[in-house]
>>> print(open('final06.cif').read())   # mmCIF, N, CA, C and O atoms
data_coords
#
loop_
_atom_site.label_atom_id
_atom_site.label_comp_id
_atom_site.auth_asym_id
_atom_site.auth_seq_id
_atom_site.Cartn_x
_atom_site.Cartn_y
_atom_site.Cartn_z
N MET A 204 -2.73 1.13 16.13
CA MET A 204 -3.47 0.09 15.47
C MET A 204 -2.55 -0.61 14.47
O MET A 204 -1.92 0.04 13.67
N ASP A 205 -2.52 -1.93 14.55
CA ASP A 205 -1.71 -2.67 13.60
C ASP A 205 -2.27 -2.55 12.19
O ASP A 205 -1.55 -2.30 11.25
N SER A 206 -3.58 -2.76 12.06
CA SER A 206 -4.21 -2.63 10.76
C SER A 206 -5.70 -2.37 10.94
O SER A 206 -6.28 -2.73 11.95
N ILE A 207 -6.25 -1.74 9.95
CA ILE A 207 -7.69 -1.49 9.94
C ILE A 207 -8.23 -2.15 8.68
O ILE A 207 -7.75 -1.89 7.58
N ASN A 208 -9.18 -3.03 8.86
CA ASN A 208 -9.84 -3.66 7.72
C ASN A 208 -11.16 -2.94 7.52
O ASN A 208 -12.20 -3.37 8.00
N LEU A 209 -11.09 -1.82 6.85
CA LEU A 209 -12.24 -0.94 6.70
C LEU A 209 -12.50 -0.67 5.23
O LEU A 209 -11.60 -0.28 4.49
N LEU A 210 -13.74 -0.87 4.83
CA LEU A 210 -14.17 -0.54 3.48
C LEU A 210 -15.19 0.58 3.59
O LEU A 210 -16.19 0.44 4.28
N ILE A 211 -14.92 1.68 2.94
CA ILE A 211 -15.86 2.79 2.87
C ILE A 211 -16.32 2.86 1.42
O ILE A 211 -15.51 3.02 0.51
N LEU A 212 -17.60 2.71 1.24
CA LEU A 212 -18.14 2.60 -0.10
C LEU A 212 -19.19 3.67 -0.33
O LEU A 212 -20.08 3.86 0.50
N CYS A 213 -19.06 4.38 -1.42
CA CYS A 213 -20.03 5.43 -1.78
C CYS A 213 -20.56 5.12 -3.18
O CYS A 213 -20.14 5.72 -4.17
N PRO A 214 -21.47 4.16 -3.27
CA PRO A 214 -21.96 3.73 -4.58
C PRO A 214 -23.01 4.65 -5.17
O PRO A 214 -23.70 5.37 -4.46
N CYS A 215 -23.14 4.59 -6.48
CA CYS A 215 -24.15 5.36 -7.20
C CYS A 215 -25.15 4.41 -7.84
O CYS A 215 -24.81 3.30 -8.20
N THR A 216 -26.35 4.88 -7.96
CA THR A 216 -27.40 4.14 -8.64
C THR A 216 -27.85 4.99 -9.83
O THR A 216 -27.87 6.20 -9.75
N TYR A 217 -28.18 4.34 -10.91
CA TYR A 217 -28.72 5.09 -12.04
C TYR A 217 -29.97 4.39 -12.55
O TYR A 217 -30.26 3.25 -12.19
N GLY A 218 -30.71 5.09 -13.38
CA GLY A 218 -31.91 4.51 -13.97
C GLY A 218 -32.91 4.06 -12.93
O GLY A 218 -33.24 4.80 -12.01
N GLU A 219 -33.34 2.85 -13.05
CA GLU A 219 -34.36 2.29 -12.16
C GLU A 219 -33.74 1.57 -10.96
O GLU A 219 -34.27 0.56 -10.50
N GLY A 220 -32.62 2.07 -10.47
CA GLY A 220 -32.00 1.48 -9.28
C GLY A 220 -30.88 0.51 -9.58
O GLY A 220 -30.48 -0.26 -8.71
N GLN A 221 -30.34 0.53 -10.79
CA GLN A 221 -29.25 -0.37 -11.15
C GLN A 221 -27.90 0.21 -10.75
O GLN A 221 -27.73 1.42 -10.61
N LEU A 222 -26.92 -0.69 -10.61
CA LEU A 222 -25.54 -0.27 -10.38
C LEU A 222 -24.95 0.24 -11.69
O LEU A 222 -25.35 -0.19 -12.77
N THR A 223 -23.95 1.11 -11.58
CA THR A 223 -23.20 1.52 -12.76
C THR A 223 -22.32 0.34 -13.19
O THR A 223 -22.13 -0.62 -12.45
N ALA A 224 -21.73 0.42 -14.38
CA ALA A 224 -20.88 -0.67 -14.88
C ALA A 224 -19.69 -0.91 -13.95
O ALA A 224 -19.35 -2.06 -13.65
N SER A 225 -19.06 0.14 -13.47
CA SER A 225 -17.92 0.00 -12.57
C SER A 225 -18.33 -0.63 -11.25
O SER A 225 -17.62 -1.48 -10.70
N GLU A 226 -19.48 -0.23 -10.74
CA GLU A 226 -19.95 -0.80 -9.48
C GLU A 226 -20.35 -2.25 -9.64
O GLU A 226 -20.18 -3.06 -8.73
N GLU A 227 -20.88 -2.59 -10.79
CA GLU A 227 -21.23 -3.99 -11.07
C GLU A 227 -19.97 -4.86 -11.02
O GLU A 227 -19.98 -5.95 -10.45
N LYS A 228 -18.87 -4.36 -11.58
CA LYS A 228 -17.59 -5.10 -11.54
C LYS A 228 -17.13 -5.27 -10.09
O LYS A 228 -16.69 -6.35 -9.70
N PHE A 229 -17.20 -4.21 -9.30
CA PHE A 229 -16.77 -4.29 -7.90
C PHE A 229 -17.69 -5.22 -7.12
O PHE A 229 -17.23 -6.01 -6.29
N TYR A 230 -18.98 -5.17 -7.38
CA TYR A 230 -19.94 -6.06 -6.73
C TYR A 230 -19.59 -7.52 -7.03
O TYR A 230 -19.55 -8.36 -6.14
N ASN A 231 -19.31 -7.82 -8.29
CA ASN A 231 -18.93 -9.18 -8.67
C ASN A 231 -17.64 -9.61 -7.98
O ASN A 231 -17.49 -10.77 -7.58
N TYR A 232 -16.71 -8.69 -7.82
CA TYR A 232 -15.47 -8.97 -7.09
C TYR A 232 -15.79 -9.34 -5.63
O TYR A 232 -15.27 -10.32 -5.10
N LEU A 233 -16.66 -8.57 -4.99
CA LEU A 233 -17.03 -8.86 -3.60
C LEU A 233 -17.69 -10.23 -3.46
O LEU A 233 -17.54 -10.89 -2.43
N CYS A 234 -18.42 -10.64 -4.47
CA CYS A 234 -19.11 -11.92 -4.42
C CYS A 234 -18.15 -13.11 -4.44
O CYS A 234 -18.53 -14.22 -4.10
N GLN A 235 -16.90 -12.88 -4.81
CA GLN A 235 -15.94 -13.96 -4.98
C GLN A 235 -15.19 -14.34 -3.71
O GLN A 235 -14.48 -15.34 -3.69
N PHE A 236 -15.32 -13.57 -2.65
CA PHE A 236 -14.55 -13.90 -1.46
C PHE A 236 -15.36 -13.60 -0.20
O PHE A 236 -16.36 -12.92 -0.23
N SER A 237 -14.86 -14.14 0.89
CA SER A 237 -15.46 -13.87 2.19
C SER A 237 -14.48 -13.00 2.97
O SER A 237 -13.40 -13.45 3.33
N PRO A 238 -14.83 -11.75 3.21
CA PRO A 238 -13.91 -10.88 3.93
C PRO A 238 -13.72 -11.35 5.38
O PRO A 238 -14.66 -11.80 6.01
N ILE A 239 -12.51 -11.28 5.84
CA ILE A 239 -12.20 -11.66 7.22
C ILE A 239 -12.12 -10.38 8.04
O ILE A 239 -11.36 -9.49 7.75
N ARG A 240 -12.97 -10.30 9.07
CA ARG A 240 -12.98 -9.16 9.99
C ARG A 240 -13.08 -7.82 9.25
O ARG A 240 -12.40 -6.86 9.60
N LEU A 241 -13.90 -7.77 8.25
CA LEU A 241 -14.06 -6.53 7.50
C LEU A 241 -15.17 -5.70 8.12
O LEU A 241 -16.25 -6.19 8.40
N THR A 242 -14.87 -4.43 8.36
CA THR A 242 -15.86 -3.47 8.80
C THR A 242 -16.14 -2.56 7.61
O THR A 242 -15.21 -2.18 6.89
N TYR A 243 -17.40 -2.23 7.42
CA TYR A 243 -17.73 -1.41 6.26
C TYR A 243 -18.70 -0.30 6.62
O TYR A 243 -19.42 -0.36 7.61
N TYR A 244 -18.68 0.72 5.79
CA TYR A 244 -19.63 1.83 5.90
C TYR A 244 -20.03 2.22 4.48
O TYR A 244 -19.18 2.40 3.62
N ILE A 245 -21.32 2.30 4.27
CA ILE A 245 -21.83 2.65 2.94
C ILE A 245 -22.62 3.95 3.05
O ILE A 245 -23.49 4.09 3.90
N ALA A 246 -22.28 4.89 2.19
CA ALA A 246 -23.01 6.15 2.10
C ALA A 246 -23.35 6.38 0.64
O ALA A 246 -22.47 6.40 -0.21
N GLY A 247 -24.62 6.50 0.35
CA GLY A 247 -25.05 6.69 -1.03
C GLY A 247 -25.97 7.87 -1.17
O GLY A 247 -26.82 8.12 -0.32
N VAL A 248 -25.78 8.60 -2.24
CA VAL A 248 -26.61 9.76 -2.53
C VAL A 248 -27.55 9.37 -3.67
O VAL A 248 -27.15 8.71 -4.62
N GLY A 249 -28.80 9.79 -3.53
CA GLY A 249 -29.77 9.49 -4.57
C GLY A 249 -30.81 10.58 -4.68
O GLY A 249 -30.68 11.64 -4.08
N ASP A 250 -31.83 10.27 -5.43
CA ASP A 250 -32.94 11.21 -5.65
C ASP A 250 -34.20 10.57 -5.09
O ASP A 250 -34.67 9.55 -5.59
N LYS A 251 -34.74 11.17 -4.03
CA LYS A 251 -35.92 10.61 -3.38
C LYS A 251 -37.13 10.55 -4.31
O LYS A 251 -38.07 9.81 -4.05
N ASN A 252 -37.09 11.29 -5.40
CA ASN A 252 -38.20 11.27 -6.35
C ASN A 252 -38.37 9.91 -7.03
O ASN A 252 -39.40 9.64 -7.63
N PHE A 253 -37.35 9.03 -6.93
CA PHE A 253 -37.46 7.69 -7.51
C PHE A 253 -38.28 6.76 -6.63
O PHE A 253 -38.57 5.64 -7.01
N GLY A 254 -38.63 7.20 -5.43
CA GLY A 254 -39.43 6.39 -4.52
C GLY A 254 -38.57 5.53 -3.62
O GLY A 254 -37.38 5.33 -3.88
N PRO A 255 -39.13 5.02 -2.53
CA PRO A 255 -38.36 4.31 -1.53
C PRO A 255 -37.66 3.04 -2.03
O PRO A 255 -36.57 2.71 -1.57
N ALA A 256 -38.25 2.33 -2.97
CA ALA A 256 -37.64 1.08 -3.44
C ALA A 256 -36.42 1.31 -4.33
O ALA A 256 -35.53 0.48 -4.39
N LYS A 257 -36.37 2.45 -5.00
CA LYS A 257 -35.27 2.73 -5.94
C LYS A 257 -34.31 3.80 -5.44
O LYS A 257 -33.24 3.97 -6.00
N PHE A 258 -34.69 4.52 -4.40
CA PHE A 258 -33.86 5.60 -3.87
C PHE A 258 -32.54 5.05 -3.34
O PHE A 258 -32.51 4.22 -2.45
N ALA A 259 -31.43 5.49 -3.93
CA ALA A 259 -30.08 5.07 -3.52
C ALA A 259 -30.00 3.56 -3.36
O ALA A 259 -29.42 3.04 -2.42
N ASN A 260 -30.56 2.83 -4.31
CA ASN A 260 -30.65 1.37 -4.22
C ASN A 260 -29.30 0.68 -4.18
O ASN A 260 -29.18 -0.42 -3.65
N ALA A 261 -28.26 1.29 -4.70
CA ALA A 261 -26.92 0.70 -4.64
C ALA A 261 -26.50 0.45 -3.19
O ALA A 261 -25.81 -0.53 -2.90
N VAL A 262 -26.94 1.31 -2.29
CA VAL A 262 -26.65 1.11 -0.86
C VAL A 262 -27.23 -0.22 -0.41
O VAL A 262 -26.57 -1.03 0.25
N ASN A 263 -28.48 -0.48 -0.78
CA ASN A 263 -29.13 -1.74 -0.40
C ASN A 263 -28.41 -2.95 -0.98
O ASN A 263 -28.22 -3.96 -0.31
N ILE A 264 -28.03 -2.85 -2.25
CA ILE A 264 -27.38 -3.96 -2.95
C ILE A 264 -26.06 -4.32 -2.27
O ILE A 264 -25.81 -5.49 -1.96
N PHE A 265 -25.20 -3.32 -2.03
CA PHE A 265 -23.91 -3.60 -1.41
C PHE A 265 -24.05 -3.98 0.06
O PHE A 265 -23.33 -4.86 0.54
N ASP A 266 -24.96 -3.36 0.77
CA ASP A 266 -25.17 -3.69 2.18
C ASP A 266 -25.57 -5.16 2.31
O ASP A 266 -25.05 -5.89 3.16
N HIS A 267 -26.48 -5.60 1.47
CA HIS A 267 -26.92 -7.00 1.50
C HIS A 267 -25.76 -7.94 1.22
O HIS A 267 -25.57 -8.95 1.93
N GLN A 268 -24.97 -7.64 0.20
CA GLN A 268 -23.86 -8.52 -0.17
C GLN A 268 -22.82 -8.60 0.95
O GLN A 268 -22.35 -9.68 1.28
N LEU A 269 -22.45 -7.48 1.53
CA LEU A 269 -21.45 -7.49 2.60
C LEU A 269 -21.99 -8.21 3.84
O LEU A 269 -21.26 -8.96 4.49
N HIS A 270 -23.25 -8.01 4.15
CA HIS A 270 -23.87 -8.71 5.27
C HIS A 270 -23.85 -10.22 5.03
O HIS A 270 -23.59 -10.99 5.97
N GLN A 271 -24.12 -10.64 3.80
CA GLN A 271 -24.09 -12.07 3.46
C GLN A 271 -22.72 -12.68 3.72
O GLN A 271 -22.61 -13.87 4.00
N HIS A 272 -21.66 -11.87 3.61
CA HIS A 272 -20.30 -12.34 3.81
C HIS A 272 -19.80 -12.07 5.23
O HIS A 272 -18.59 -12.07 5.47
N SER A 273 -20.72 -11.81 6.13
CA SER A 273 -20.41 -11.63 7.56
C SER A 273 -19.53 -10.42 7.86
O SER A 273 -18.86 -10.38 8.89
N ALA A 274 -19.52 -9.45 6.98
CA ALA A 274 -18.82 -8.20 7.29
C ALA A 274 -19.66 -7.43 8.30
O ALA A 274 -20.88 -7.61 8.37
N SER A 275 -19.02 -6.60 9.09
CA SER A 275 -19.71 -5.85 10.15
C SER A 275 -19.86 -4.39 9.76
O SER A 275 -18.87 -3.73 9.44
N PRO A 276 -21.07 -3.87 9.84
CA PRO A 276 -21.24 -2.44 9.52
C PRO A 276 -20.67 -1.55 10.62
O PRO A 276 -20.83 -1.84 11.81
N LEU A 277 -19.97 -0.52 10.23
CA LEU A 277 -19.44 0.47 11.16
C LEU A 277 -20.60 1.22 11.82
O LEU A 277 -20.58 1.52 12.99
N ALA A 278 -21.63 1.48 11.04
CA ALA A 278 -22.85 2.16 11.48
C ALA A 278 -23.90 1.84 10.43
O ALA A 278 -23.60 1.25 9.39
N SER A 279 -25.12 2.24 10.69
CA SER A 279 -26.17 2.05 9.70
C SER A 279 -25.79 2.75 8.40
O SER A 279 -25.25 3.86 8.43
N SER A 280 -26.04 2.09 7.30
CA SER A 280 -25.73 2.69 6.01
C SER A 280 -26.55 3.97 5.83
O SER A 280 -27.66 4.10 6.33
N LEU A 281 -25.97 4.90 5.10
CA LEU A 281 -26.57 6.21 4.91
C LEU A 281 -27.10 6.35 3.49
O LEU A 281 -26.38 6.11 2.53
N LYS A 282 -28.36 6.71 3.39
CA LYS A 282 -28.98 7.04 2.10
C LYS A 282 -29.48 8.47 2.24
O LYS A 282 -30.27 8.77 3.11
N ILE A 283 -28.97 9.34 1.38
CA ILE A 283 -29.31 10.76 1.51
C ILE A 283 -29.71 11.32 0.15
O ILE A 283 -29.16 10.93 -0.87
N ASP A 284 -30.63 12.24 0.18
CA ASP A 284 -31.07 12.90 -1.05
C ASP A 284 -29.98 13.85 -1.54
O ASP A 284 -29.31 14.52 -0.73
N TYR A 285 -29.82 13.93 -2.84
CA TYR A 285 -28.76 14.78 -3.42
C TYR A 285 -28.91 16.24 -3.03
O TYR A 285 -27.94 17.00 -3.07
N GLU A 286 -30.10 16.64 -2.62
CA GLU A 286 -30.30 18.03 -2.22
C GLU A 286 -29.81 18.30 -0.80
O GLU A 286 -29.82 19.44 -0.36
N ASP A 287 -29.38 17.29 -0.09
CA ASP A 287 -28.93 17.46 1.29
C ASP A 287 -27.49 16.97 1.48
O ASP A 287 -27.16 16.33 2.48
N LEU A 288 -26.63 17.27 0.53
CA LEU A 288 -25.24 16.82 0.58
C LEU A 288 -24.46 17.31 1.80
O LEU A 288 -23.67 16.56 2.36
N PRO A 289 -24.64 18.55 2.26
CA PRO A 289 -23.88 18.97 3.45
C PRO A 289 -24.15 18.09 4.67
O PRO A 289 -23.23 17.74 5.41
N THR A 290 -25.39 17.69 4.85
CA THR A 290 -25.72 16.79 5.97
C THR A 290 -25.04 15.45 5.79
O THR A 290 -24.49 14.88 6.74
N ALA A 291 -25.05 14.94 4.57
CA ALA A 291 -24.40 13.65 4.29
C ALA A 291 -22.91 13.72 4.58
O ALA A 291 -22.35 12.82 5.21
N GLN A 292 -22.26 14.76 4.12
CA GLN A 292 -20.82 14.90 4.34
C GLN A 292 -20.49 14.94 5.83
O GLN A 292 -19.54 14.30 6.28
N GLN A 293 -21.28 15.65 6.60
CA GLN A 293 -21.04 15.74 8.03
C GLN A 293 -21.29 14.39 8.71
O GLN A 293 -20.54 13.98 9.59
N THR A 294 -22.34 13.70 8.31
CA THR A 294 -22.65 12.40 8.90
C THR A 294 -21.54 11.40 8.63
O THR A 294 -21.10 10.68 9.53
N VAL A 295 -21.07 11.33 7.40
CA VAL A 295 -19.98 10.42 7.05
C VAL A 295 -18.72 10.76 7.85
O VAL A 295 -18.08 9.87 8.42
N THR A 296 -18.38 12.03 7.92
CA THR A 296 -17.21 12.46 8.69
C THR A 296 -17.34 12.05 10.15
O THR A 296 -16.39 11.50 10.74
N ASP A 297 -18.50 12.27 10.74
CA ASP A 297 -18.72 11.93 12.15
C ASP A 297 -18.61 10.42 12.39
O ASP A 297 -17.96 9.99 13.35
N GLU A 298 -19.22 9.62 11.54
CA GLU A 298 -19.19 8.16 11.73
C GLU A 298 -17.77 7.62 11.62
O GLU A 298 -17.34 6.78 12.42
N ILE A 299 -17.03 8.06 10.63
CA ILE A 299 -15.66 7.56 10.44
C ILE A 299 -14.76 8.05 11.57
O ILE A 299 -13.94 7.29 12.09
N THR A 300 -14.91 9.30 11.98
CA THR A 300 -14.12 9.84 13.10
C THR A 300 -14.38 9.04 14.36
O THR A 300 -13.44 8.67 15.08
N ASN A 301 -15.64 8.76 14.65
CA ASN A 301 -15.98 7.96 15.84
C ASN A 301 -15.37 6.57 15.77
O ASN A 301 -14.85 6.06 16.76
N PHE A 302 -15.43 5.94 14.60
CA PHE A 302 -14.85 4.61 14.43
C PHE A 302 -13.34 4.63 14.68
O PHE A 302 -12.81 3.79 15.40
N LEU A 303 -12.66 5.58 14.08
CA LEU A 303 -11.21 5.66 14.24
C LEU A 303 -10.83 6.00 15.67
O LEU A 303 -9.84 5.47 16.20
N ARG A 304 -11.59 6.85 16.31
CA ARG A 304 -11.33 7.21 17.71
C ARG A 304 -11.47 5.98 18.61
O ARG A 304 -10.64 5.74 19.48
N LYS A 305 -12.50 5.18 18.40
CA LYS A 305 -12.69 3.95 19.18
C LYS A 305 -11.52 3.00 19.00
O LYS A 305 -11.05 2.41 19.96
N GLY A 306 -11.06 2.86 17.77
CA GLY A 306 -9.92 1.98 17.49
C GLY A 306 -8.66 2.46 18.15
O GLY A 306 -7.90 1.69 18.73
N ARG A 307 -8.43 3.76 18.11
CA ARG A 307 -7.24 4.34 18.74
C ARG A 307 -7.32 4.19 20.25
O ARG A 307 -6.35 3.82 20.90
N ASP A 308 -8.49 4.46 20.82
CA ASP A 308 -8.66 4.38 22.27
C ASP A 308 -8.52 2.95 22.79
O ASP A 308 -8.02 2.73 23.88
N SER A 309 -8.90 1.96 21.99
CA SER A 309 -8.80 0.56 22.43
C SER A 309 -7.37 0.07 22.44
O SER A 309 -7.06 -0.96 23.02
N ASN A 310 -6.45 0.79 21.80
CA ASN A 310 -5.05 0.39 21.77
C ASN A 310 -4.22 1.07 22.86
O ASN A 310 -3.03 0.90 22.91
N HIS A 311 -4.86 1.87 23.72
CA HIS A 311 -4.11 2.54 24.78
C HIS A 311 -4.40 1.92 26.12
O HIS A 311 -5.33 1.33 26.43
#
>>> encode(input="final06.cif", output="structure tokens")
Amino acid sequence: MDSINLLILCPCTYGEGQLTASEEKFYNYLCQFSPIRLTYYIAGVGDKNFGPAKFANAVNIFDHQLHQHSASPLASSLKIDYEDLPTAQQTVTDEITNFLRKGRDSNH
């Protein structure tokens, strides 16, 4: 592969579904440009006790912004409860491995 334009993002949400200060800065950075041929994958951990609208809301915020800029998702974004981290880790590993394998196989 000559190059991979891949963004893997694992954002956090705090309070009532807001981005952290660092994520807000990165979000504002993303708003300033249109990515060319960018593929992305977002995996966010949250607390389901906050309810469906606020659970891992940073995933929704970044997914929407990247979609607006015509970036392509590697797979459906992952929102997982903090009590199920082993499942999340395995899912992220599987999705990225599959993506990289497809890219490698397309170059042979």
>>> closest_residue(input="final06.cif", among="A:Ala246, A:Asn260, A:Gln293, A:Phe253", to="Pro214 in chain A", atoms="only N, CA, C and O atoms")
A:Ala246
>>> closest_residue(input="final06.cif", among="A:Tyr244, A:Thr223, A:Gln235, A:Asp250", to="Leu209 in chain A", atoms="all atoms listed in the file")
A:Tyr244
>>> resolve_selection(input="final06.cif", expression="the PyMOL selection byres ((chain A and resi 215) around 8)", output="NGL selection string")
:A and (212-214 or 216-218 or 220-224 or 226-227 or 246-249 or 259-262)
>>> select_by_dssp(input="final06.cif", residues="chain A", states="alpha helix (DSSP H)", output="JSON, numbers by chain")
{"A": [224, 225, 226, 227, 228, 229, 230, 231, 232, 233, 260, 261, 262, 263, 264, 265, 266, 267, 268, 269, 270, 271, 288, 289, 290, 291, 292, 293, 294, 295, 296, 297, 298, 299, 300, 301, 302, 303, 304, 305, 306, 307, 308, 309]}
>>> atom_distance(input="final06.cif", atom1="atom O of Ala278 in chain A", atom2="atom N of Ile299 in chain A")
9.5 Å
>>> axis_aligned_box(input="final06.cif", around="range 261-265 of chain A", padding_each_side="8 Å", output="AutoDock Vina command-line options")
--center_x -26.2 --center_y -2.1 --center_z -2.1 --size_x 21.8 --size_y 22.8 --size_z 21.2
>>> atom_distance(input="final06.cif", atom1="CA of Asn301 in chain A", atom2="atom O of Lys282 in chain A")
19.2 Å
>>> atom_distance(input="final06.cif", atom1="atom N of Leu303 in chain A", atom2="atom N of Thr242 in chain A")
11.7 Å
>>> closest_residue(input="final06.cif", among="A:Leu277, A:Ile283, A:Leu288, A:Cys234", to="Phe302 in chain A", atoms="all atoms listed in the file")
A:Leu277
>>> select_by_dssp(input="final06.cif", residues="range 222-251 of chain A", states="strand (DSSP E)", output="number ranges by chain")
A: 222, 242-249
>>> build_atoms(input="final06.cif", residues="range 219-227 of chain A", atoms="all heavy atoms", output="PDB file, in the frame of the given file")
ATOM      1  N   GLU A 219     -33.340   2.850 -13.050  1.00  0.00           N
ATOM      2  CA  GLU A 219     -34.360   2.290 -12.160  1.00  0.00           C
ATOM      3  C   GLU A 219     -33.740   1.570 -10.960  1.00  0.00           C
ATOM      4  O   GLU A 219     -34.270   0.560 -10.500  1.00  0.00           O
ATOM      5  CB  GLU A 219     -35.262   1.348 -12.951  1.00  0.00           C
ATOM      6  CG  GLU A 219     -36.054   2.044 -14.031  1.00  0.00           C
ATOM      7  CD  GLU A 219     -37.035   3.070 -13.456  1.00  0.00           C
ATOM      8  OE1 GLU A 219     -37.802   2.720 -12.550  1.00  0.00           O
ATOM      9  OE2 GLU A 219     -37.007   4.222 -13.920  1.00  0.00           O
ATOM     10  N   GLY A 220     -32.620   2.070 -10.470  1.00  0.00           N
ATOM     11  CA  GLY A 220     -32.000   1.480  -9.280  1.00  0.00           C
ATOM     12  C   GLY A 220     -30.880   0.510  -9.580  1.00  0.00           C
ATOM     13  O   GLY A 220     -30.480  -0.260  -8.710  1.00  0.00           O
ATOM     14  N   GLN A 221     -30.340   0.530 -10.790  1.00  0.00           N
ATOM     15  CA  GLN A 221     -29.250  -0.370 -11.150  1.00  0.00           C
ATOM     16  C   GLN A 221     -27.900   0.210 -10.750  1.00  0.00           C
ATOM     17  O   GLN A 221     -27.730   1.420 -10.610  1.00  0.00           O
ATOM     18  CB  GLN A 221     -29.217  -0.631 -12.668  1.00  0.00           C
ATOM     19  CG  GLN A 221     -30.443  -1.261 -13.230  1.00  0.00           C
ATOM     20  CD  GLN A 221     -31.441  -0.224 -13.724  1.00  0.00           C
ATOM     21  OE1 GLN A 221     -31.228   0.973 -13.639  1.00  0.00           O
ATOM     22  NE2 GLN A 221     -32.568  -0.693 -14.223  1.00  0.00           N
ATOM     23  N   LEU A 222     -26.920  -0.690 -10.610  1.00  0.00           N
ATOM     24  CA  LEU A 222     -25.540  -0.270 -10.380  1.00  0.00           C
ATOM     25  C   LEU A 222     -24.950   0.240 -11.690  1.00  0.00           C
ATOM     26  O   LEU A 222     -25.350  -0.190 -12.770  1.00  0.00           O
ATOM     27  CB  LEU A 222     -24.704  -1.440  -9.875  1.00  0.00           C
ATOM     28  CG  LEU A 222     -25.106  -2.062  -8.546  1.00  0.00           C
ATOM     29  CD1 LEU A 222     -24.206  -3.250  -8.235  1.00  0.00           C
ATOM     30  CD2 LEU A 222     -25.060  -1.045  -7.426  1.00  0.00           C
ATOM     31  N   THR A 223     -23.950   1.110 -11.580  1.00  0.00           N
ATOM     32  CA  THR A 223     -23.200   1.520 -12.760  1.00  0.00           C
ATOM     33  C   THR A 223     -22.320   0.340 -13.190  1.00  0.00           C
ATOM     34  O   THR A 223     -22.130  -0.620 -12.450  1.00  0.00           O
ATOM     35  CB  THR A 223     -22.313   2.741 -12.464  1.00  0.00           C
ATOM     36  OG1 THR A 223     -21.331   2.360 -11.503  1.00  0.00           O
ATOM     37  CG2 THR A 223     -23.132   3.916 -11.943  1.00  0.00           C
ATOM     38  N   ALA A 224     -21.730   0.420 -14.380  1.00  0.00           N
ATOM     39  CA  ALA A 224     -20.880  -0.670 -14.880  1.00  0.00           C
ATOM     40  C   ALA A 224     -19.690  -0.910 -13.950  1.00  0.00           C
ATOM     41  O   ALA A 224     -19.350  -2.060 -13.650  1.00  0.00           O
ATOM     42  CB  ALA A 224     -20.404  -0.352 -16.297  1.00  0.00           C
ATOM     43  N   SER A 225     -19.060   0.140 -13.470  1.00  0.00           N
ATOM     44  CA  SER A 225     -17.920   0.000 -12.570  1.00  0.00           C
ATOM     45  C   SER A 225     -18.330  -0.630 -11.250  1.00  0.00           C
ATOM     46  O   SER A 225     -17.620  -1.480 -10.700  1.00  0.00           O
ATOM     47  CB  SER A 225     -17.277   1.357 -12.289  1.00  0.00           C
ATOM     48  OG  SER A 225     -16.745   1.898 -13.449  1.00  0.00           O
ATOM     49  N   GLU A 226     -19.480  -0.230 -10.740  1.00  0.00           N
ATOM     50  CA  GLU A 226     -19.950  -0.800  -9.480  1.00  0.00           C
ATOM     51  C   GLU A 226     -20.350  -2.250  -9.640  1.00  0.00           C
ATOM     52  O   GLU A 226     -20.180  -3.060  -8.730  1.00  0.00           O
ATOM     53  CB  GLU A 226     -21.096   0.031  -8.915  1.00  0.00           C
ATOM     54  CG  GLU A 226     -20.594   1.354  -8.393  1.00  0.00           C
ATOM     55  CD  GLU A 226     -21.692   2.371  -8.211  1.00  0.00           C
ATOM     56  OE1 GLU A 226     -22.782   2.194  -8.773  1.00  0.00           O
ATOM     57  OE2 GLU A 226     -21.433   3.342  -7.497  1.00  0.00           O
ATOM     58  N   GLU A 227     -20.880  -2.590 -10.790  1.00  0.00           N
ATOM     59  CA  GLU A 227     -21.230  -3.990 -11.070  1.00  0.00           C
ATOM     60  C   GLU A 227     -19.970  -4.860 -11.020  1.00  0.00           C
ATOM     61  O   GLU A 227     -19.980  -5.950 -10.450  1.00  0.00           O
ATOM     62  CB  GLU A 227     -21.898  -4.087 -12.439  1.00  0.00           C
ATOM     63  CG  GLU A 227     -22.435  -5.456 -12.762  1.00  0.00           C
ATOM     64  CD  GLU A 227     -23.720  -5.786 -12.029  1.00  0.00           C
ATOM     65  OE1 GLU A 227     -24.554  -4.897 -11.830  1.00  0.00           O
ATOM     66  OE2 GLU A 227     -23.887  -6.965 -11.654  1.00  0.00           O
TER      67      GLU A 227
END
